[in-house]
file model09.txt (compact mmCIF, C-alpha atoms and all ligand atoms)
# COMPACT_ATOMS: atom_id res chain seq x y z
CA MET A 225 -72.49 79.01 70.40
CA THR A 226 -74.97 77.89 73.07
CA PHE A 227 -74.88 77.85 76.84
CA ALA A 228 -77.26 77.70 79.77
CA PRO A 229 -77.45 80.92 81.84
CA ILE A 230 -74.33 81.25 84.00
CA GLN A 231 -74.36 82.97 87.37
CA CYS A 232 -71.35 83.85 89.56
CA SER A 233 -71.08 85.91 92.73
CA ALA A 234 -68.25 87.59 94.58
CA PRO A 235 -68.46 88.80 98.19
CA GLY A 236 -67.82 92.24 99.62
CA LYS A 237 -64.81 92.66 101.87
CA VAL A 238 -63.42 94.63 104.78
CA ILE A 239 -59.84 95.41 105.60
CA LEU A 240 -59.24 94.37 109.21
CA PHE A 241 -55.73 95.84 109.52
CA GLY A 242 -53.11 97.67 107.52
CA GLU A 243 -54.95 99.91 105.04
CA HIS A 244 -52.84 102.68 103.50
CA ALA A 245 -49.58 101.24 104.89
CA VAL A 246 -50.18 98.30 102.52
CA VAL A 247 -49.69 100.67 99.57
CA TYR A 248 -46.08 101.15 100.80
CA GLY A 249 -45.21 97.48 101.14
CA GLN A 250 -46.50 96.72 104.64
CA PRO A 251 -48.73 93.69 105.27
CA ALA A 252 -52.52 94.00 105.62
CA ILE A 253 -55.33 91.63 106.56
CA ALA A 254 -58.66 91.54 104.72
CA VAL A 255 -61.67 89.24 105.00
CA PRO A 256 -64.64 88.54 102.74
CA VAL A 257 -68.08 89.80 103.80
CA THR A 258 -70.56 87.33 102.39
CA GLN A 259 -73.60 89.26 103.66
CA VAL A 260 -73.19 91.56 100.68
CA GLN A 261 -72.51 90.27 97.16
CA ALA A 262 -72.12 91.20 93.51
CA THR A 263 -73.75 88.71 91.15
CA ALA A 264 -73.31 88.50 87.39
CA THR A 265 -75.60 86.47 85.12
CA VAL A 266 -74.74 85.74 81.49
CA GLU A 267 -77.57 84.72 79.14
CA LEU A 268 -77.53 83.96 75.45
CA ALA A 269 -78.81 86.71 73.08
CA PRO A 270 -79.93 86.42 69.43
CA PRO A 271 -77.04 86.11 66.90
CA GLY A 272 -75.50 89.42 65.85
CA ASN A 273 -76.47 91.24 69.04
CA GLY A 274 -72.97 91.23 70.54
CA LEU A 275 -72.39 91.60 74.27
CA THR A 276 -74.69 93.88 76.26
CA LEU A 277 -73.83 94.85 79.85
CA VAL A 278 -76.83 95.61 82.04
CA ALA A 279 -76.76 97.06 85.56
CA PRO A 280 -80.44 97.44 86.55
CA ASP A 281 -79.54 98.88 89.99
CA LEU A 282 -77.77 101.76 88.23
CA GLU A 283 -80.36 101.90 85.42
CA ARG A 284 -77.61 101.23 82.88
CA SER A 285 -77.51 99.12 79.74
CA ILE A 286 -74.55 99.44 77.36
CA SER A 287 -73.24 97.59 74.37
CA LEU A 288 -69.63 96.49 74.71
CA THR A 289 -68.77 97.98 71.33
CA THR A 290 -69.93 101.49 72.25
CA ALA A 291 -69.08 101.50 75.99
CA PRO A 292 -66.55 104.17 77.06
CA GLN A 293 -62.92 103.06 77.20
CA ASP A 294 -62.79 103.50 80.97
CA ASP A 295 -66.16 101.97 81.88
CA PRO A 296 -65.23 99.46 84.63
CA LEU A 297 -67.78 96.79 83.56
CA ALA A 298 -66.70 97.06 79.93
CA VAL A 299 -63.01 96.98 80.87
CA ALA A 300 -63.61 93.79 82.90
CA ALA A 301 -65.37 92.19 79.91
CA ARG A 302 -62.80 93.38 77.33
CA LEU A 303 -59.84 92.17 79.39
CA THR A 304 -61.50 88.77 79.83
CA LEU A 305 -62.07 88.43 76.08
CA ALA A 306 -58.49 89.54 75.36
CA HIS A 307 -57.09 87.11 77.94
CA LEU A 308 -59.01 84.25 76.30
CA SER A 309 -58.36 85.52 72.74
CA VAL A 310 -62.03 85.17 71.80
CA PRO A 311 -64.54 87.59 70.22
CA PRO A 312 -67.48 88.94 72.25
CA PRO A 313 -70.34 86.42 72.49
CA ASP A 314 -73.94 87.27 71.60
CA ALA A 315 -75.06 87.56 75.19
CA VAL A 316 -76.52 89.76 77.90
CA LEU A 317 -74.49 90.11 81.09
CA THR A 318 -76.59 91.42 83.98
CA ILE A 319 -74.98 92.59 87.20
CA HIS A 320 -76.71 93.06 90.55
CA SER A 321 -74.94 94.16 93.70
CA THR A 322 -75.91 94.64 97.33
CA ILE A 323 -72.48 96.09 98.16
CA PRO A 324 -72.61 99.84 98.91
CA ILE A 325 -70.59 101.86 96.38
CA ALA A 326 -67.57 103.89 97.60
CA GLY A 327 -67.91 102.57 101.14
CA GLY A 328 -64.71 100.54 101.42
CA LEU A 329 -66.58 97.23 101.04
CA GLY A 330 -64.97 96.30 97.74
CA SER A 331 -67.94 96.90 95.46
CA GLY A 332 -65.84 97.64 92.35
CA ALA A 333 -63.60 94.62 92.81
CA ALA A 334 -66.48 92.24 93.56
CA THR A 335 -68.44 93.44 90.53
CA ALA A 336 -65.43 92.94 88.28
CA ALA A 337 -64.68 89.50 89.75
CA ALA A 338 -68.26 88.34 89.15
CA VAL A 339 -68.18 89.66 85.56
CA VAL A 340 -64.85 88.03 84.70
CA ARG A 341 -65.68 84.67 86.29
CA SER A 342 -69.15 84.37 84.74
CA LEU A 343 -68.11 85.55 81.28
CA ALA A 344 -65.18 83.11 81.13
CA ILE A 345 -67.44 80.20 82.11
CA ALA A 346 -70.06 81.25 79.55
CA LEU A 347 -67.34 81.26 76.90
CA GLY A 348 -66.40 77.71 77.87
CA HIS A 349 -63.00 78.67 79.35
CA PRO A 350 -63.34 78.92 83.17
CA LEU A 351 -60.48 80.95 84.62
CA ASP A 352 -58.47 80.14 87.74
CA ASN A 353 -58.37 82.59 90.66
CA GLU A 354 -54.93 83.87 89.71
CA SER A 355 -56.04 84.95 86.22
CA ILE A 356 -59.27 86.47 87.55
CA ASN A 357 -57.30 88.35 90.20
CA THR A 358 -54.90 89.77 87.59
CA ILE A 359 -57.78 91.04 85.44
CA VAL A 360 -59.70 92.49 88.39
CA TYR A 361 -56.54 94.32 89.50
CA GLU A 362 -56.44 96.08 86.12
CA VAL A 363 -60.09 97.14 86.59
CA GLU A 364 -59.33 98.33 90.13
CA LYS A 365 -56.83 100.80 88.70
CA ILE A 366 -59.76 102.71 87.19
CA HIS A 367 -61.39 103.11 90.62
CA HIS A 368 -58.30 103.55 92.76
CA GLY A 369 -55.45 104.88 90.65
CA THR A 370 -52.64 102.93 92.35
CA PRO A 371 -54.31 100.11 94.27
CA SER A 372 -52.21 97.82 96.43
CA GLY A 373 -54.11 94.82 95.06
CA ILE A 374 -55.65 93.76 98.39
CA ASP A 375 -59.30 94.33 97.36
CA ASN A 376 -59.20 92.27 94.17
CA THR A 377 -57.28 89.51 95.96
CA VAL A 378 -59.68 89.07 98.89
CA VAL A 379 -62.86 89.15 96.80
CA THR A 380 -61.40 86.75 94.23
CA MET A 381 -60.14 84.30 96.86
CA ALA A 382 -63.24 84.80 99.07
CA GLN A 383 -61.13 83.86 102.10
CA PRO A 384 -59.29 85.77 104.86
CA ILE A 385 -55.92 86.88 103.50
CA TYR A 386 -52.62 88.22 104.74
CA PHE A 387 -51.49 90.42 101.91
CA VAL A 388 -48.14 91.98 101.06
CA ARG A 389 -47.88 93.81 97.76
CA GLY A 390 -45.98 91.80 95.17
CA ARG A 391 -45.72 88.65 97.33
CA PRO A 392 -47.65 85.39 97.00
CA ILE A 393 -51.04 85.46 98.74
CA GLU A 394 -51.17 83.88 102.20
CA LEU A 395 -54.48 82.54 103.50
CA ILE A 396 -55.10 82.95 107.24
CA ALA A 397 -56.20 80.03 109.40
CA VAL A 398 -58.71 81.57 111.82
CA GLY A 399 -58.34 80.10 115.34
CA ALA A 400 -61.77 81.03 116.75
CA THR A 401 -65.00 82.66 115.69
CA PHE A 402 -64.70 86.44 115.68
CA THR A 403 -67.74 88.66 115.21
CA ILE A 404 -67.17 91.92 113.40
CA LEU A 405 -69.75 94.69 113.13
CA ILE A 406 -69.39 96.96 110.12
CA GLY A 407 -70.86 100.42 110.65
CA ASP A 408 -71.47 102.63 107.65
CA THR A 409 -71.02 106.40 108.14
CA GLY A 410 -73.15 106.88 105.03
CA VAL A 411 -70.48 109.25 103.71
CA ALA A 412 -69.30 108.12 100.27
CA SER A 413 -65.55 108.60 100.16
CA PRO A 414 -63.55 107.60 97.08
CA THR A 415 -60.44 105.70 98.20
CA LYS A 416 -58.47 107.32 95.37
CA GLU A 417 -58.61 110.67 97.19
CA SER A 418 -57.41 109.54 100.61
CA VAL A 419 -54.68 107.42 98.98
CA ALA A 420 -53.53 110.49 97.03
CA TYR A 421 -53.59 112.56 100.24
CA VAL A 422 -51.39 110.05 102.07
CA ARG A 423 -49.01 110.03 99.10
CA ARG A 424 -48.68 113.83 99.20
CA GLN A 425 -48.21 113.89 102.98
CA ARG A 426 -45.62 111.14 102.78
CA GLU A 427 -43.68 113.17 100.20
CA LYS A 428 -43.73 116.17 102.55
CA HIS A 429 -42.97 114.23 105.76
CA PRO A 430 -41.27 111.00 104.69
CA ALA A 431 -39.75 110.06 108.07
CA HIS A 432 -43.03 110.52 109.93
CA TYR A 433 -45.14 108.60 107.41
CA ASP A 434 -42.61 105.81 107.06
CA ALA A 435 -42.57 105.44 110.84
CA LEU A 436 -46.39 105.27 110.91
CA CYS A 437 -46.37 102.63 108.15
CA ASP A 438 -43.72 100.60 110.00
CA GLN A 439 -45.77 100.67 113.22
CA ILE A 440 -48.87 99.58 111.34
CA GLY A 441 -46.90 96.78 109.66
CA ASP A 442 -45.69 95.51 113.05
CA LEU A 443 -49.18 95.43 114.49
CA VAL A 444 -50.53 93.59 111.43
CA VAL A 445 -48.04 90.79 112.13
CA GLU A 446 -49.30 90.64 115.73
CA ALA A 447 -52.92 90.74 114.54
CA ARG A 448 -52.36 87.73 112.33
CA GLN A 449 -50.97 85.82 115.31
CA ALA A 450 -53.98 86.85 117.43
CA ILE A 451 -56.41 85.70 114.70
CA GLU A 452 -54.63 82.37 114.34
CA ALA A 453 -54.45 81.92 118.12
CA GLY A 454 -58.15 82.85 118.52
CA ASP A 455 -57.33 85.73 120.90
CA PRO A 456 -60.07 88.40 120.66
CA ASP A 457 -58.79 90.60 123.51
CA THR A 458 -55.43 91.15 121.83
CA LEU A 459 -57.12 91.62 118.47
CA GLY A 460 -59.41 94.33 119.88
CA LYS A 461 -56.47 96.25 121.37
CA LEU A 462 -54.61 96.06 118.06
CA MET A 463 -57.66 97.49 116.27
CA ASP A 464 -57.67 100.45 118.67
CA GLU A 465 -53.97 100.98 118.07
CA ASN A 466 -54.37 100.74 114.29
CA HIS A 467 -57.15 103.34 114.42
CA ARG A 468 -54.93 105.70 116.43
CA LEU A 469 -52.21 105.42 113.78
CA LEU A 470 -54.74 106.02 110.97
CA ILE A 471 -55.89 109.19 112.77
CA GLU A 472 -52.25 110.30 112.83
CA MET A 473 -52.04 109.59 109.11
CA GLY A 474 -54.94 111.98 108.61
CA VAL A 475 -57.46 109.59 107.06
CA SER A 476 -60.08 109.39 109.81
CA SER A 477 -63.01 111.81 110.16
CA PRO A 478 -65.30 113.08 112.94
CA ASP A 479 -68.04 110.65 111.77
CA LEU A 480 -65.68 107.68 111.85
CA ASN A 481 -64.26 108.67 115.24
CA ARG A 482 -67.76 109.07 116.69
CA LEU A 483 -68.76 105.57 115.59
CA VAL A 484 -65.47 104.07 116.80
CA THR A 485 -65.95 105.69 120.22
CA ALA A 486 -69.60 104.58 120.37
CA ALA A 487 -68.55 100.99 119.67
CA ARG A 488 -65.86 101.01 122.33
CA THR A 489 -67.97 102.62 125.05
CA SER A 490 -70.86 100.21 124.41
CA GLY A 491 -68.67 97.15 124.91
CA ALA A 492 -66.74 96.37 121.73
CA LEU A 493 -63.30 94.82 122.29
CA GLY A 494 -61.82 97.24 119.77
CA ALA A 495 -62.77 99.38 116.79
CA LYS A 496 -61.22 101.20 113.86
CA LEU A 497 -61.97 102.73 110.50
CA SER A 498 -61.73 100.30 107.60
CA GLY A 499 -60.54 101.04 104.07
CA GLY A 500 -59.71 104.41 102.60
CA GLY A 501 -61.23 106.47 105.44
CA TRP A 502 -62.76 110.00 105.53
CA GLY A 503 -66.11 108.21 105.41
CA GLY A 504 -67.18 104.75 104.36
CA ASN A 505 -67.12 102.10 107.04
CA MET A 506 -65.69 101.38 110.46
CA ILE A 507 -65.43 97.97 112.09
CA ALA A 508 -65.82 96.79 115.67
CA LEU A 509 -64.84 93.46 117.21
CA VAL A 510 -67.62 92.27 119.52
CA GLU A 511 -68.54 89.29 121.66
CA GLU A 512 -71.87 87.52 121.08
CA ALA A 513 -73.29 89.14 124.22
CA THR A 514 -72.64 92.70 123.07
CA ILE A 515 -73.71 92.47 119.41
CA LYS A 516 -77.10 94.09 120.03
CA ARG A 517 -75.84 96.77 122.39
CA VAL A 518 -73.01 97.85 120.09
CA THR A 519 -75.30 97.76 117.04
CA ARG A 520 -77.78 100.02 118.86
CA ALA A 521 -75.02 102.42 119.91
CA LEU A 522 -73.69 102.65 116.34
CA THR A 523 -77.17 103.28 114.95
CA LYS A 524 -77.85 105.91 117.60
CA GLN A 525 -74.63 107.69 116.66
CA GLY A 526 -75.64 107.87 113.01
CA ALA A 527 -74.54 104.60 111.35
CA GLN A 528 -76.63 104.24 108.19
CA ARG A 529 -76.45 100.49 108.47
CA VAL A 530 -74.67 97.88 110.53
CA ILE A 531 -73.67 94.52 109.07
CA ALA A 532 -72.61 91.66 111.36
CA THR A 533 -70.14 89.24 109.84
CA ARG A 534 -68.32 86.27 111.34
CA LEU A 535 -64.78 85.26 110.79
CA GLY A 536 -63.88 81.63 111.34
CA THR A 537 -67.27 80.13 110.56
CA ILE A 538 -69.39 79.98 107.44
CA SER A 539 -71.50 83.09 107.92
O1 LIG B 601 -61.18 99.94 98.99
P1 LIG B 601 -61.00 100.43 100.36
O2 LIG B 601 -61.60 101.74 100.64
O3 LIG B 601 -61.30 99.37 101.39
O4 LIG B 601 -59.43 100.78 100.59
C1 LIG B 601 -58.40 100.10 100.05
C2 LIG B 601 -57.26 100.13 101.01
C3 LIG B 601 -56.17 101.14 100.80
O5 LIG B 601 -55.05 100.60 101.52
C4 LIG B 601 -56.53 102.48 101.42
C5 LIG B 601 -55.79 101.34 99.35
C6 LIG B 601 -55.17 100.13 98.69
O6 LIG B 601 -55.09 100.13 97.45
O7 LIG B 601 -54.74 99.20 99.37
call {"tool": "encode", "arguments": {"input": "model09.txt", "output": "structure tokens", "more": "lines below"}}
Ligand code: PMV
result
Amino acid sequence: MTFAPIQCSAPGKVILFGEHAVVYGQPAIAVPVTQVQATATVELAPPGNGLTLVAPDLERSISLTTAPQDDPLAVAARLTLAHLSVPPPDAVLTIHSTIPIAGGLGSGAATAAAVVRSLAIALGHPLDNESINTIVYEVEKIHHGTPSGIDNTVVTMAQPIYFVRGRPIELIAVGATFTILIGDTGVASPTKESVAYVRRQREKHPAHYDALCDQIGDLVVEARQAIEAGDPDTLGKLMDENHRLLIEMGVSSPDLNRLVTAARTSGALGAKLSGGGWGGNMIALVEEATIKRVTRALTKQGAQRVIATRLGTIS
């Protein structure tokens, strides 16, 4: 078997609306963040070498045959080979990522998507998005336990999505350019833990948590309309409201609240935590004129980094 080196990338992502409630069947909206990427490169290796997975950023190099059963990179590769019913190629698959780990930016899903896509092409059987998405969802289970499927879907599609668990994916037509600042608390917070917390709380207080999820679901529907209509003022207010409901759910943190407040008081149209919560990232909707001021305010209040991404244009 021969092939030229193959390289595929997948973007990071943020959840704009609906995290946590999406696990219980409510809609959520997520968008790709192309400023951060996972990139996989597959190169031919001498015959008999099998498949080696290399992650230089993590100082890791493992052979597929000896990799642990639950190693996410190895699981992504094994599932791809099983899906295609082919043996491992003699190749080296190298993965680089600029997506922060455990920050709610979809690093696990993007890494898996890049691995699956590049490996399938190298094997001469490119996979469609649906198959890639199905495989990446299986890998996400290792990171998240019971993921809703939103992360794998948005990074595989690399487009804004309106997502309801178990329903066909809907792409969102963005009616104007929206600028989103993503502020990183610098606190690594595994989504698995906050998802498990919400599950426990929901078991203890079902009526309260179901009501919170219903309210979030309703505002996600409105947010989609505001995105399609190109209405930033409404979108900002809905972000504020979604953050309030996430605080009530118990998944915010003092760091997140401080950054959200800093964004609002320095001129953002709205702000909220994004993803699992208790750390990771928050997002703020800003106008062009306030990008610098809000970025400065976030940095001053402790954001470890601020990424600006645009929705509705190629960014
Ligand atoms: O991967 P994160 O941290 O952006 O969070 C995923 C969103 C949750 O709704 C909290 C969990 C899920 O599986 O949808």
call {"tool": "closest_atom_pairs", "arguments": {"input": "model09.txt", "of": "chain A", "to": "ligand LIG 601 (chain B)", "cutoff": "8 Å", "atoms": "all atoms listed in the file", "output": "Markdown table"}}
result
| residue | atom | partner | partner_atom | distance |
| --- | --- | --- | --- | --- |
| A:Lys237 | CA | B:LIG601 | O3 | 7.6 |
| A:Val238 | CA | B:LIG601 | O3 | 6.2 |
| A:Ile239 | CA | B:LIG601 | O3 | 6.0 |
| A:Gly242 | CA | B:LIG601 | O5 | 7.0 |
| A:Glu243 | CA | B:LIG601 | O5 | 3.6 |
| A:His244 | CA | B:LIG601 | O5 | 3.6 |
| A:Ala245 | CA | B:LIG601 | O5 | 6.5 |
| A:Val246 | CA | B:LIG601 | O5 | 5.5 |
| A:Val247 | CA | B:LIG601 | O7 | 5.3 |
| A:Ala326 | CA | B:LIG601 | O2 | 7.0 |
| A:Gly327 | CA | B:LIG601 | O2 | 6.4 |
| A:Gly328 | CA | B:LIG601 | O2 | 3.4 |
| A:Leu329 | CA | B:LIG601 | O3 | 5.7 |
| A:Gly330 | CA | B:LIG601 | O1 | 5.4 |
| A:His368 | CA | B:LIG601 | O6 | 6.6 |
| A:Thr370 | CA | B:LIG601 | O6 | 6.3 |
| A:Pro371 | CA | B:LIG601 | O6 | 3.3 |
| A:Ser372 | CA | B:LIG601 | O6 | 3.8 |
| A:Gly373 | CA | B:LIG601 | O6 | 5.9 |
| A:Ile374 | CA | B:LIG601 | O7 | 5.6 |
| A:Asp375 | CA | B:LIG601 | O1 | 6.1 |
| A:Ser413 | CA | B:LIG601 | O2 | 7.9 |
| A:Pro414 | CA | B:LIG601 | O2 | 7.1 |
| A:Thr415 | CA | B:LIG601 | O2 | 4.8 |
| A:Lys416 | CA | B:LIG601 | C5 | 7.7 |
| A:Ser418 | CA | B:LIG601 | C4 | 7.2 |
| A:Val419 | CA | B:LIG601 | C4 | 5.8 |
| A:Ser498 | CA | B:LIG601 | O3 | 6.3 |
| A:Gly499 | CA | B:LIG601 | O3 | 3.2 |
| A:Gly500 | CA | B:LIG601 | O2 | 3.8 |
| A:Gly501 | CA | B:LIG601 | O2 | 6.7 |
| A:Gly504 | CA | B:LIG601 | O2 | 7.4 |
call {"tool": "write_last_selection", "arguments": {"input": "model09.txt", "atoms": "C-alpha atoms", "output": "mmCIF file, keeping the file's coordinate frame"}}
result
data_model
loop_
_atom_site.group_PDB
_atom_site.id
_atom_site.type_symbol
_atom_site.label_atom_id
_atom_site.label_comp_id
_atom_site.auth_asym_id
_atom_site.auth_seq_id
_atom_site.Cartn_x
_atom_site.Cartn_y
_atom_site.Cartn_z
ATOM 1 C CA LYS A 237 -64.810 92.660 101.870
ATOM 2 C CA VAL A 238 -63.420 94.630 104.780
ATOM 3 C CA ILE A 239 -59.840 95.410 105.600
ATOM 4 C CA GLY A 242 -53.110 97.670 107.520
ATOM 5 C CA GLU A 243 -54.950 99.910 105.040
ATOM 6 C CA HIS A 244 -52.840 102.680 103.500
ATOM 7 C CA ALA A 245 -49.580 101.240 104.890
ATOM 8 C CA VAL A 246 -50.180 98.300 102.520
ATOM 9 C CA VAL A 247 -49.690 100.670 99.570
ATOM 10 C CA ALA A 326 -67.570 103.890 97.600
ATOM 11 C CA GLY A 327 -67.910 102.570 101.140
ATOM 12 C CA GLY A 328 -64.710 100.540 101.420
ATOM 13 C CA LEU A 329 -66.580 97.230 101.040
ATOM 14 C CA GLY A 330 -64.970 96.300 97.740
ATOM 15 C CA HIS A 368 -58.300 103.550 92.760
ATOM 16 C CA THR A 370 -52.640 102.930 92.350
ATOM 17 C CA PRO A 371 -54.310 100.110 94.270
ATOM 18 C CA SER A 372 -52.210 97.820 96.430
ATOM 19 C CA GLY A 373 -54.110 94.820 95.060
ATOM 20 C CA ILE A 374 -55.650 93.760 98.390
ATOM 21 C CA ASP A 375 -59.300 94.330 97.360
ATOM 22 C CA SER A 413 -65.550 108.600 100.160
ATOM 23 C CA PRO A 414 -63.550 107.600 97.080
ATOM 24 C CA THR A 415 -60.440 105.700 98.200
ATOM 25 C CA LYS A 416 -58.470 107.320 95.370
ATOM 26 C CA SER A 418 -57.410 109.540 100.610
ATOM 27 C CA VAL A 419 -54.680 107.420 98.980
ATOM 28 C CA SER A 498 -61.730 100.300 107.600
ATOM 29 C CA GLY A 499 -60.540 101.040 104.070
ATOM 30 C CA GLY A 500 -59.710 104.410 102.600
ATOM 31 C CA GLY A 501 -61.230 106.470 105.440
ATOM 32 C CA GLY A 504 -67.180 104.750 104.360
#
call {"tool": "closest_residue", "arguments": {"input": "model09.txt", "among": "A:Asp295, A:Asp408, A:Glu446, A:Asp457", "to": "A:Val484", "atoms": "only C-alpha atoms"}}
result
A:Asp408
call {"tool": "atom_distance", "arguments": {"input": "model09.txt", "atom1": "atom CA of A:Ala338", "atom2": "atom CA of A:Ile319"}}
result
8.2 Å
call {"tool": "residues_around", "arguments": {"input": "model09.txt", "residues": "A:Thr265", "least_positions_apart": "4", "cutoff": "9 Å", "atoms": "only C-alpha atoms", "output": "list in words"}}
result
Pro229, Ile230, Gln231, Cys232, Ser233, Val316, Leu317, Thr318, Ile319, His320, Ala338, Val339, Ser342 and Leu343 of chain A
call {"tool": "atom_distance", "arguments": {"input": "model09.txt", "atom1": "atom CA of A:Arg423", "atom2": "atom CA of A:Gln250"}}
result
14.6 Å
call {"tool": "residues_around", "arguments": {"input": "model09.txt", "residues": "stretch 510-521 of chain A", "least_positions_apart": "4", "cutoff": "6 Å", "atoms": "only C-alpha atoms", "output": "list in words"}}
result
Thr403, Ala486, Ala487, Ser490, Ala492 and Leu493 of chain A
call {"tool": "write_last_selection", "arguments": {"input": "model09.txt", "atoms": "C-alpha atoms", "output": "PDB file, keeping the file's coordinate frame"}}
result
ATOM      1  CA  THR A 403     -67.740  88.660 115.210  1.00  0.00           C
ATOM      2  CA  ALA A 486     -69.600 104.580 120.370  1.00  0.00           C
ATOM      3  CA  ALA A 487     -68.550 100.990 119.670  1.00  0.00           C
ATOM      4  CA  SER A 490     -70.860 100.210 124.410  1.00  0.00           C
ATOM      5  CA  ALA A 492     -66.740  96.370 121.730  1.00  0.00           C
ATOM      6  CA  LEU A 493     -63.300  94.820 122.290  1.00  0.00           C
TER       7      LEU A 493
END
call {"tool": "atom_distance", "arguments": {"input": "model09.txt", "atom1": "atom CA of A:Pro392", "atom2": "atom CA of A:Ile356"}}
result
15.0 Å
call {"tool": "closest_residue", "arguments": {"input": "model09.txt", "among": "A:Ala301, A:Leu347, A:Leu240, A:Ile440", "to": "A:Ala508", "atoms": "all atoms listed in the file"}}
result
A:Leu240
call {"tool": "closest_residue", "arguments": {"input": "model09.txt", "among": "A:Tyr386, A:Ile323, A:Glu465, A:Ala262", "to": "A:Asn505", "atoms": "all atoms listed in the file"}}
result
A:Ile323
call {"tool": "closest_residue", "arguments": {"input": "model09.txt", "among": "A:Val378, A:Asp438, A:Leu282, A:Tyr421", "to": "A:Pro256", "atoms": "only C-alpha atoms"}}
result
A:Val378
call {"tool": "residues_around", "arguments": {"input": "model09.txt", "residues": "A:Asn376", "least_positions_apart": "6", "cutoff": "9 Å", "atoms": "all atoms listed in the file", "output": "number ranges by chain"}}
result
A: 330, 332-334, 336-337, 356-361, 364
call {"tool": "residues_around", "arguments": {"input": "model09.txt", "residues": "A:Val444", "least_positions_apart": "6", "cutoff": "7 Å", "atoms": "all atoms listed in the file", "output": "list in words"}}
result
Phe241, Gly242, Pro251 and Ala252 of chain A
call {"tool": "residues_around", "arguments": {"input": "model09.txt", "residues": "A:Gln425", "least_positions_apart": "6", "cutoff": "9 Å", "atoms": "all atoms listed in the file", "output": "CSV table (one decimal) with C-alpha atoms, in the frame of the given file"}}
result
chain,number,residue,atom,x,y,z
A,433,TYR,CA,-45.1,108.6,107.4
A,473,MET,CA,-52.0,109.6,109.1
A,474,GLY,CA,-54.9,112.0,108.6
call {"tool": "residues_near_point", "arguments": {"input": "model09.txt", "point": "(-60.3, 83.3, 101.0)", "cutoff": "10 Å", "atoms": "only C-alpha atoms", "output": "PyMOL selection string"}}
result
chain A and resi 254-256+377-386+393-397
call {"tool": "closest_residue", "arguments": {"input": "model09.txt", "among": "A:Tyr248, A:Ile253, A:Gly390, A:Ile366", "to": "A:Val445", "atoms": "all atoms listed in the file"}}
result
A:Ile253
call {"tool": "closest_residue", "arguments": {"input": "model09.txt", "among": "A:Ala269, A:Ile451, A:Ala344, A:Val260", "to": "A:Ile325", "atoms": "all atoms listed in the file"}}
result
A:Val260
call {"tool": "axis_aligned_box", "arguments": {"input": "model09.txt", "around": "stretch 332-341 of chain A", "padding_each_side": "3 Å", "output": "AutoDock Vina command-line options"}}
result
--center_x -66.0 --center_y 91.2 --center_z 89.1 --size_x 10.8 --size_y 19.0 --size_z 14.9
